[in-house]
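**Q** Got a structure for you, my_file_29.cif, holding mmCIF, C-alpha atoms.
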data_run
#
loop_
_atom_site.label_atom_id
_atom_site.label_comp_id
_atom_site.auth_asym_id
_atom_site.auth_seq_id
_atom_site.Cartn_x
_atom_site.Cartn_y
_atom_site.Cartn_z
CA MET R 1 -28.01 -72.92 143.92
CA GLN R 2 -28.37 -74.94 140.77
CA THR R 3 -25.33 -76.90 139.69
CA LYS R 4 -24.73 -76.73 135.98
CA PRO R 5 -24.25 -80.18 134.48
CA ASN R 6 -21.56 -80.55 131.86
CA PRO R 7 -23.34 -82.37 129.05
CA GLY R 8 -20.10 -83.42 127.45
CA PHE R 9 -18.27 -84.62 130.51
CA PHE R 10 -19.44 -88.22 130.61
CA LYS R 11 -19.35 -88.71 126.88
CA ARG R 12 -15.85 -87.39 126.49
CA ASN R 13 -14.51 -89.17 129.54
CA ALA R 14 -16.06 -92.55 129.07
CA PRO R 15 -13.28 -95.13 129.53
CA ILE R 16 -12.50 -97.28 126.51
CA ALA R 17 -11.35 -100.85 127.12
CA GLY R 18 -7.66 -101.28 126.35
CA GLU R 19 -7.03 -97.58 125.77
CA ALA R 20 -4.81 -96.88 128.77
CA GLU R 21 -2.55 -99.81 127.99
CA ALA R 22 -2.38 -98.84 124.32
CA ILE R 23 -1.38 -95.28 125.26
CA GLU R 24 1.45 -96.46 127.49
CA ASN R 25 2.70 -98.98 124.95
CA ALA R 26 2.46 -96.48 122.10
CA LYS R 27 4.47 -93.99 124.19
CA ASN R 28 7.16 -96.66 124.35
CA GLY R 29 7.20 -96.95 120.57
CA ASP R 30 4.96 -99.99 120.08
CA PRO R 31 3.51 -99.57 116.55
CA ASP R 32 0.70 -102.05 117.20
CA ALA R 33 -0.40 -100.03 120.20
CA PHE R 34 -0.53 -96.86 118.10
CA ALA R 35 -2.53 -98.76 115.47
CA LYS R 36 -4.95 -99.71 118.24
CA LEU R 37 -5.30 -96.06 119.30
CA TYR R 38 -6.06 -95.21 115.68
CA ALA R 39 -8.66 -97.97 115.49
CA LEU R 40 -10.30 -96.80 118.72
CA HIS R 41 -10.49 -93.12 117.81
CA LYS R 42 -10.44 -92.82 114.01
CA ARG R 43 -14.21 -92.58 113.58
CA ARG R 44 -14.70 -89.89 116.20
CA VAL R 45 -11.75 -87.85 114.97
CA TYR R 46 -12.83 -88.20 111.34
CA THR R 47 -16.43 -87.28 112.18
CA LEU R 48 -15.25 -84.22 114.08
CA CYS R 49 -13.10 -83.15 111.11
CA LEU R 50 -15.94 -83.82 108.69
CA ARG R 51 -18.41 -81.75 110.68
CA MET R 52 -15.98 -78.86 111.02
CA LEU R 53 -14.86 -78.93 107.39
CA GLY R 54 -17.90 -80.30 105.56
CA ASN R 55 -15.67 -82.03 103.03
CA VAL R 56 -14.66 -85.71 102.93
CA SER R 57 -11.27 -85.21 101.30
CA GLU R 58 -10.21 -82.44 103.68
CA ALA R 59 -11.59 -84.39 106.62
CA GLU R 60 -9.44 -87.39 105.68
CA ASP R 61 -6.37 -85.19 105.28
CA MET R 62 -6.95 -83.63 108.69
CA THR R 63 -7.60 -87.02 110.30
CA GLN R 64 -4.22 -88.10 108.96
CA GLU R 65 -2.58 -84.91 110.28
CA ALA R 66 -4.26 -85.32 113.66
CA PHE R 67 -2.89 -88.84 114.15
CA LEU R 68 0.57 -87.88 112.92
CA HIS R 69 0.50 -85.00 115.37
CA LEU R 70 -0.74 -87.36 118.05
CA PHE R 71 2.20 -89.66 117.40
CA ARG R 72 4.64 -86.77 117.83
CA LYS R 73 2.95 -85.39 120.96
CA LEU R 74 1.87 -88.58 122.69
CA GLY R 75 4.82 -88.43 125.07
CA SER R 76 3.43 -85.20 126.49
CA PHE R 77 0.05 -86.73 127.39
CA ARG R 78 0.01 -86.98 131.18
CA GLY R 79 -3.57 -88.09 131.71
CA GLU R 80 -4.72 -84.84 133.30
CA SER R 81 -7.76 -84.95 131.05
CA ALA R 82 -9.39 -87.89 129.31
CA PHE R 83 -7.37 -89.03 126.32
CA SER R 84 -10.31 -88.49 123.95
CA THR R 85 -10.75 -84.92 125.22
CA TRP R 86 -7.04 -84.26 124.71
CA LEU R 87 -7.10 -85.82 121.23
CA HIS R 88 -10.22 -83.94 120.18
CA ARG R 89 -8.77 -80.64 121.40
CA LEU R 90 -5.60 -81.35 119.45
CA THR R 91 -7.73 -82.15 116.37
CA VAL R 92 -9.85 -79.02 116.70
CA ASN R 93 -6.74 -76.85 116.95
CA LEU R 94 -5.25 -78.48 113.84
CA VAL R 95 -8.46 -77.99 111.87
CA LEU R 96 -8.68 -74.35 112.95
CA MET R 97 -5.05 -73.82 111.95
CA HIS R 98 -5.86 -75.39 108.59
CA LEU R 99 -8.85 -73.10 108.13
CA ARG R 100 -6.80 -70.05 109.04
CA LYS R 101 -4.18 -71.03 106.48
CA LYS R 102 -6.96 -71.36 103.92
CA GLY R 103 -7.92 -67.79 104.68
CA LEU R 104 -11.06 -68.36 106.72
CA GLN R 105 -10.34 -65.89 109.49
CA LEU R 106 -11.71 -67.12 112.77
CA VAL R 107 -10.16 -64.33 114.77
CA SER R 108 -13.33 -62.31 114.72
CA LEU R 109 -16.44 -64.40 114.48
CA GLU R 110 -18.58 -61.34 114.19
CA GLU R 111 -16.78 -59.91 111.21
CA THR R 112 -15.77 -62.95 109.24
CA ILE R 113 -17.86 -66.02 109.80
CA ASN R 114 -21.03 -64.38 110.98
CA PRO R 115 -23.63 -65.45 108.47
CA SER R 116 -25.22 -62.99 106.12
CA GLU R 117 -28.71 -61.64 106.83
CA GLU R 118 -30.05 -64.32 104.54
CA ASP R 119 -28.40 -67.14 106.50
CA ALA R 120 -29.16 -65.77 109.97
CA PRO R 121 -32.11 -67.26 111.88
CA LYS R 122 -35.35 -65.40 111.40
CA ARG R 123 -37.38 -64.10 114.32
CA ASP R 124 -40.95 -65.26 114.05
CA PHE R 125 -42.68 -64.64 117.33
CA GLY R 126 -46.34 -64.39 116.65
CA SER R 127 -46.53 -67.19 114.14
CA ARG R 128 -48.26 -70.21 115.63
CA ASP R 129 -48.01 -73.95 115.23
CA THR R 130 -44.25 -73.74 114.82
CA MET R 131 -43.12 -76.27 117.38
CA LEU R 132 -40.98 -79.23 116.43
CA SER R 133 -42.91 -82.46 116.64
CA GLY R 134 -41.57 -83.79 119.93
CA SER R 135 -38.24 -85.20 118.86
CA VAL R 136 -35.68 -85.09 116.10
CA ASP R 137 -33.91 -88.14 114.76
CA ARG R 138 -30.13 -88.01 114.50
CA VAL R 139 -30.02 -88.37 110.71
CA THR R 140 -32.27 -85.36 110.23
CA LEU R 141 -30.31 -83.36 112.77
CA GLU R 142 -27.00 -84.35 111.16
CA ARG R 143 -28.28 -83.12 107.79
CA ALA R 144 -29.46 -79.86 109.31
CA VAL R 145 -26.11 -79.31 111.07
CA ALA R 146 -24.36 -79.76 107.72
CA LEU R 147 -26.50 -76.93 106.32
CA LEU R 148 -25.51 -74.45 109.03
CA PRO R 149 -23.28 -71.54 108.06
CA PRO R 150 -19.65 -72.41 109.04
CA GLY R 151 -19.44 -70.10 112.05
CA TYR R 152 -22.64 -71.42 113.59
CA ARG R 153 -21.72 -75.02 112.77
CA MET R 154 -18.31 -74.68 114.40
CA VAL R 155 -19.65 -73.43 117.73
CA PHE R 156 -22.59 -75.84 117.73
CA VAL R 157 -20.37 -78.87 117.07
CA LEU R 158 -17.78 -77.81 119.64
CA HIS R 159 -20.33 -77.06 122.38
CA ASP R 160 -23.42 -79.19 121.90
CA VAL R 161 -21.83 -82.22 120.24
CA GLU R 162 -18.27 -82.32 121.55
CA GLY R 163 -19.11 -80.89 124.96
CA PHE R 164 -16.48 -78.15 125.15
CA GLU R 165 -17.23 -75.24 127.50
CA HIS R 166 -17.70 -71.71 126.15
CA ASN R 167 -14.42 -70.55 127.68
CA GLU R 168 -12.58 -73.36 125.88
CA ILE R 169 -14.31 -72.52 122.61
CA ALA R 170 -13.52 -68.84 123.08
CA THR R 171 -9.85 -69.72 123.50
CA MET R 172 -9.82 -71.98 120.47
CA LEU R 173 -11.69 -69.54 118.23
CA GLU R 174 -10.02 -66.47 119.74
CA CYS R 175 -13.31 -64.78 120.52
CA SER R 176 -15.15 -63.79 123.71
CA THR R 177 -17.20 -66.29 125.71
CA GLY R 178 -20.20 -64.01 125.16
CA ASN R 179 -19.67 -64.29 121.44
CA SER R 180 -19.47 -68.08 121.70
CA LYS R 181 -22.76 -68.17 123.65
CA SER R 182 -24.42 -65.84 121.20
CA GLN R 183 -23.24 -67.85 118.17
CA LEU R 184 -24.46 -71.06 119.79
CA HIS R 185 -27.88 -69.58 120.38
CA LYS R 186 -28.10 -68.40 116.78
CA ALA R 187 -26.95 -71.81 115.60
CA ARG R 188 -29.74 -73.53 117.55
CA LEU R 189 -32.30 -71.03 116.23
CA LYS R 190 -31.11 -71.67 112.69
CA LEU R 191 -31.28 -75.42 113.27
CA ARG R 192 -34.83 -75.07 114.53
CA GLU R 193 -35.70 -73.23 111.36
CA LEU R 194 -34.05 -75.88 109.18
CA LEU R 195 -35.66 -78.74 111.09
CA ARG R 196 -39.11 -77.17 110.87
CA GLU R 197 -38.65 -76.74 107.13
CA SER R 198 -37.60 -80.36 106.92
CA GLN R 199 -40.61 -81.53 108.94
CA ALA R 200 -42.94 -79.42 106.83
CA LEU R 201 -41.78 -81.34 103.76
CA GLN R 202 -42.43 -84.74 105.35
CA PRO R 203 -45.78 -86.56 105.24
CA ALA R 204 -47.63 -86.29 108.57
CA ASP R 205 -47.24 -90.02 109.27
CA SER R 206 -43.44 -89.97 109.09
CA VAL R 207 -43.24 -86.93 111.38
CA SER R 208 -45.31 -88.61 114.09
CA GLU R 209 -43.24 -91.78 113.59
CA ALA R 210 -40.02 -89.81 114.19
CA ALA R 211 -41.49 -88.31 117.33
CA ARG R 212 -42.11 -91.72 118.88
CA MET M 213 -25.15 -61.23 127.89
CA LYS M 214 -28.20 -60.17 129.91
CA ASP M 215 -29.09 -61.51 133.35
CA ILE M 216 -32.72 -62.55 133.87
CA ALA M 217 -32.49 -61.89 137.63
CA SER M 218 -32.93 -58.15 137.07
CA ALA M 219 -35.78 -58.53 134.58
CA ASN M 220 -39.52 -58.01 135.13
CA LEU M 221 -41.11 -61.15 133.72
CA ASP M 222 -44.63 -59.74 134.01
CA LYS M 223 -43.87 -57.03 131.51
CA MET M 224 -41.33 -58.81 129.35
CA THR M 225 -42.02 -59.19 125.63
CA PRO M 226 -41.06 -62.34 123.68
CA ALA M 227 -38.30 -60.43 121.88
CA GLU M 228 -36.86 -59.26 125.19
CA PHE M 229 -37.08 -62.80 126.56
CA GLU M 230 -35.05 -64.12 123.67
CA GLU M 231 -32.22 -61.76 124.53
CA TYR M 232 -31.85 -63.60 127.83
CA LEU M 233 -31.92 -67.07 126.31
CA PRO M 234 -28.19 -67.59 125.57
CA GLU M 235 -27.32 -66.95 129.22
CA LEU M 236 -30.36 -68.86 130.50
CA PHE M 237 -29.34 -71.95 128.55
CA GLU M 238 -25.79 -71.63 129.84
CA SER M 239 -26.81 -71.25 133.48
CA GLY M 240 -29.96 -73.35 133.47
CA GLY M 241 -28.47 -76.63 132.37
CA GLY M 242 -30.95 -77.02 129.53
CA SER M 243 -34.17 -77.19 131.56
CA ILE M 244 -35.63 -73.72 131.20
CA SER M 245 -39.02 -75.13 130.21
CA LYS M 246 -39.34 -76.66 133.70
CA ASP M 247 -38.09 -73.59 135.57
CA PRO M 248 -41.00 -72.42 137.80
CA ARG M 249 -39.91 -68.80 137.42
CA PHE M 250 -41.19 -68.90 133.84
CA THR M 251 -44.44 -70.84 134.30
CA ASN M 252 -46.68 -67.78 134.05
CA PHE M 253 -44.60 -66.19 131.34
CA PHE M 254 -44.84 -69.32 129.18
CA LYS M 255 -48.62 -69.49 129.74
CA ALA M 256 -48.90 -65.93 128.53
CA HIS M 257 -46.46 -66.48 125.65
CA PRO M 258 -46.88 -70.00 124.21
CA ASP M 259 -44.60 -69.15 121.31
CA CYS M 260 -41.76 -68.60 123.77
CA ALA M 261 -42.61 -71.91 125.43
CA ALA M 262 -42.46 -73.62 122.03
CA LEU M 263 -39.16 -71.95 121.19
CA VAL M 264 -37.55 -72.99 124.47
CA SER M 265 -38.86 -76.53 124.18
CA ASP M 266 -37.53 -76.85 120.64
CA LEU M 267 -34.10 -75.48 121.54
CA GLU M 268 -33.93 -77.92 124.46
CA ILE M 269 -34.79 -80.80 122.13
CA ILE M 270 -32.06 -79.72 119.71
CA ALA M 271 -29.43 -79.37 122.44
CA GLU M 272 -30.35 -82.74 123.93
CA GLN M 273 -30.40 -84.56 120.61
CA ALA M 274 -27.02 -83.01 119.66
CA LYS M 275 -25.39 -85.16 122.35
CA SER M 276 -26.30 -88.26 120.34
CA LEU M 277 -24.15 -86.99 117.47
CA PHE M 278 -20.96 -87.42 119.53
CA GLU M 279 -20.83 -91.09 118.58
CA PRO M 280 -20.33 -91.32 114.81
CA GLY M 281 -23.10 -92.75 112.68
CA ALA M 282 -22.86 -96.20 111.14
CA GLY M 283 -20.50 -96.30 108.18
CA THR M 284 -18.83 -93.02 109.03
CA GLU M 285 -15.11 -93.66 108.96
CA PRO M 286 -12.06 -92.59 107.03
CA SER M 287 -10.94 -94.66 104.05
CA ASP M 288 -8.21 -97.29 104.49
CA ALA M 289 -5.83 -94.99 102.62
CA VAL M 290 -5.69 -92.69 105.65
CA TRP M 291 -4.11 -95.33 107.86
CA SER M 292 -1.82 -96.47 105.03
CA ASN M 293 -0.50 -92.91 104.71
CA ILE M 294 -0.07 -92.56 108.47
CA ALA M 295 1.72 -95.90 108.80
CA SER M 296 4.03 -95.06 105.93
CA LYS M 297 4.97 -91.69 107.46
CA LEU M 298 5.41 -93.11 110.95
CA LYS M 299 8.20 -95.39 109.78
CA ASP M 300 10.39 -92.31 109.40
CA GLU M 301 9.76 -90.59 112.72
CA PRO M 302 9.97 -91.66 116.36
CA PRO M 303 7.81 -89.90 118.98
CA THR M 304 9.84 -87.05 120.48
CA SER M 305 7.79 -84.54 122.49
CA LYS M 306 7.81 -84.88 126.27
CA GLU M 307 6.35 -81.52 127.26
CA ASN M 308 2.67 -80.55 127.43
#
Kindly return the structure encoded in the file as structure tokens.
**A**
Amino acid sequence: MQTKPNPGFFKRNAPIAGEAEAIENAKNGDPDAFAKLYALHKRRVYTLCLRMLGNVSEAEDMTQEAFLHLFRKLGSFRGESAFSTWLHRLTVNLVLMHLRKKGLQLVSLEETINPSEEDAPKRDFGSRDTMLSGSVDRVTLERAVALLPPGYRMVFVLHDVEGFEHNEIATMLECSTGNSKSQLHKARLKLRELLRESQALQPADSVSEAAR
Amino acid sequence: MKDIASANLDKMTPAEFEEYLPELFESGGGSISKDPRFTNFFKAHPDCAALVSDLEIIAEQAKSLFEPGAGTEPSDAVWSNIASKLKDEPPTSKEN
């Protein structure tokens, strides 16, 4: 039987030098230790917020909220999961709460953040020469992710980038795991479409360069 | 979600194959293109092979986005605001 690898496990659990000591000291009220935790995790937390919200100002506000929340909840961190996993989950929940307050209902992905027909990926079996050219550079992919409809982007970022499992995403988004899987698939199809459009606009030389 | 185990790959159309893809990606660990069960199917349907290969590339490359890009960080004002607010509140929560 094939064992399913967890693509996010190693990334999210990679130990960071000085982190464990900073956590313990921050729990004991050391402000420098908390500043260190901020320095260690601010970029990842901000990037997560930015990808989920697509807006610099809101992403900064939510980064601030996430670290204030972290400060209040740090005493409850018992190390049962990696600190970064715990912090990212806390951040995702805060961002989702923020979006719900804004009126973007995430309760039913199908009804509310499912993209319109226009935004949904198109089926194009039968058309040839449609394959991506071997690889995709991270800048191009980042741009394409930013163009995804919010519902697709949310699931793609949580699963493929952050490494959360579908059951965790389903809990966070209050949808079924099947729905999470389906949204992820549509997100990847839409990304493929966007990336192919992007490659079609590039000169042939730069496409083959990116593939190297 | 449909299970490929009960499907007849010899008669499957590309559209039908795509219906199995979300579950295949979830259970296959992202290496469907190398799965010997689909060798003949992909030979008969190169567009499906291209689709699977592309989706695998996208999923693999997405992992590289976990680490933020150069220059991506919040402005200094974010920490200033946090530090200013922290002066007024000690950490309190002890439960998970």
**Q** Select, counting only C-alpha atoms, all protein, DNA and RNA residues no farther than 12 Å from (-19.9, -71.9, 126.9) in file coordinates, and express the selection as number ranges by chain.
**A** R: 4, 6-8, 155-156, 158-160, 162-172, 175-185; M: 213, 234-239, 241
**Q** For those residues, write C-alpha atoms to a file as a PDB file, in the coordinates of the input.
**A**
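The file below, result-v4.pdb, is the result:
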ATOM      1  CA  LYS R   4     -24.730 -76.730 135.980  1.00  0.00           C
ATOM      2  CA  ASN R   6     -21.560 -80.550 131.860  1.00  0.00           C
ATOM      3  CA  PRO R   7     -23.340 -82.370 129.050  1.00  0.00           C
ATOM      4  CA  GLY R   8     -20.100 -83.420 127.450  1.00  0.00           C
ATOM      5  CA  VAL R 155     -19.650 -73.430 117.730  1.00  0.00           C
ATOM      6  CA  PHE R 156     -22.590 -75.840 117.730  1.00  0.00           C
ATOM      7  CA  LEU R 158     -17.780 -77.810 119.640  1.00  0.00           C
ATOM      8  CA  HIS R 159     -20.330 -77.060 122.380  1.00  0.00           C
ATOM      9  CA  ASP R 160     -23.420 -79.190 121.900  1.00  0.00           C
ATOM     10  CA  GLU R 162     -18.270 -82.320 121.550  1.00  0.00           C
ATOM     11  CA  GLY R 163     -19.110 -80.890 124.960  1.00  0.00           C
ATOM     12  CA  PHE R 164     -16.480 -78.150 125.150  1.00  0.00           C
ATOM     13  CA  GLU R 165     -17.230 -75.240 127.500  1.00  0.00           C
ATOM     14  CA  HIS R 166     -17.700 -71.710 126.150  1.00  0.00           C
ATOM     15  CA  ASN R 167     -14.420 -70.550 127.680  1.00  0.00           C
ATOM     16  CA  GLU R 168     -12.580 -73.360 125.880  1.00  0.00           C
ATOM     17  CA  ILE R 169     -14.310 -72.520 122.610  1.00  0.00           C
ATOM     18  CA  ALA R 170     -13.520 -68.840 123.080  1.00  0.00           C
ATOM     19  CA  THR R 171      -9.850 -69.720 123.500  1.00  0.00           C
ATOM     20  CA  MET R 172      -9.820 -71.980 120.470  1.00  0.00           C
ATOM     21  CA  CYS R 175     -13.310 -64.780 120.520  1.00  0.00           C
ATOM     22  CA  SER R 176     -15.150 -63.790 123.710  1.00  0.00           C
ATOM     23  CA  THR R 177     -17.200 -66.290 125.710  1.00  0.00           C
ATOM     24  CA  GLY R 178     -20.200 -64.010 125.160  1.00  0.00           C
ATOM     25  CA  ASN R 179     -19.670 -64.290 121.440  1.00  0.00           C
ATOM     26  CA  SER R 180     -19.470 -68.080 121.700  1.00  0.00           C
ATOM     27  CA  LYS R 181     -22.760 -68.170 123.650  1.00  0.00           C
ATOM     28  CA  SER R 182     -24.420 -65.840 121.200  1.00  0.00           C
ATOM     29  CA  GLN R 183     -23.240 -67.850 118.170  1.00  0.00           C
ATOM     30  CA  LEU R 184     -24.460 -71.060 119.790  1.00  0.00           C
ATOM     31  CA  HIS R 185     -27.880 -69.580 120.380  1.00  0.00           C
TER      32      HIS R 185
ATOM     33  CA  MET M 213     -25.150 -61.230 127.890  1.00  0.00           C
ATOM     34  CA  PRO M 234     -28.190 -67.590 125.570  1.00  0.00           C
ATOM     35  CA  GLU M 235     -27.320 -66.950 129.220  1.00  0.00           C
ATOM     36  CA  LEU M 236     -30.360 -68.860 130.500  1.00  0.00           C
ATOM     37  CA  PHE M 237     -29.340 -71.950 128.550  1.00  0.00           C
ATOM     38  CA  GLU M 238     -25.790 -71.630 129.840  1.00  0.00           C
ATOM     39  CA  SER M 239     -26.810 -71.250 133.480  1.00  0.00           C
ATOM     40  CA  GLY M 241     -28.470 -76.630 132.370  1.00  0.00           C
TER      41      GLY M 241
END
**Q** Using all atoms listed in the file, which of the listed residues (M:Ala282, M:Leu277, M:Val264, M:Ala256) sits closest to chain R?
**A**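 Distance minimum relative to chain R lands on M:Leu277.
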**Q** Quick one: which residues end up in the PyMOL selection byres ((chain M) within 9 of (chain R)) for this structure, as a PyMOL selection string?
**A** chain M and resi 213+226-227+233-235+237-242+258-260+262-263+265-267+269-281+284-287+289-291+293-295+297-298+301-308
**Q** Would you mind reading off the distance between atom CA of His88 of chain R and atom CA of Pro150 of chain R, one decimal, in Å?
**A**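 Between atom CA of His88 of chain R and atom CA of Pro150 of chain R the gap works out to 18.6 Å.
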**Q** Suppose you want the space between atom CA of Arg143 of chain R and atom CA of Gly54 of chain R; what is it in Å?
**A**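 These atoms are spaced 11.0 Å apart.
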**Q** How many Å lie between atom CA of Met97 of chain R and atom CA of Pro149 of chain R, rounded to one decimal?
**A** 18.8 Å
**Q** Given only C-alpha atoms as the basis, pick out the residue of M:Phe250, M:Gly283, M:Ser296, M:Ser245 nearest to Ala219 of chain M.
**A**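 Looking at the shortest contact to Ala219 of chain M, the residue is M:Phe250.
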**Q** Please list as a PyMOL selection string every residue within 12 Å of Met224 of chain M, counting only C-alpha atoms and excluding residues in the same chain fewer than 4 positions away.
**A** chain M and resi 216+218-220+228-232+250+252-254+256-257+260
**Q** Using the file's own x, y and z axes, so that the box edges lie along x, y and z, what centre and edge lengths in Å (one decimal) does a box around every listed atom of segment 222-231 of chain M get when 5 Å is added on each side? Give it as JSON.
**A**
{"center_x": -38.4, "center_y": -60.6, "center_z": 127.9, "size_x": 22.4, "size_y": 17.1, "size_z": 22.1}
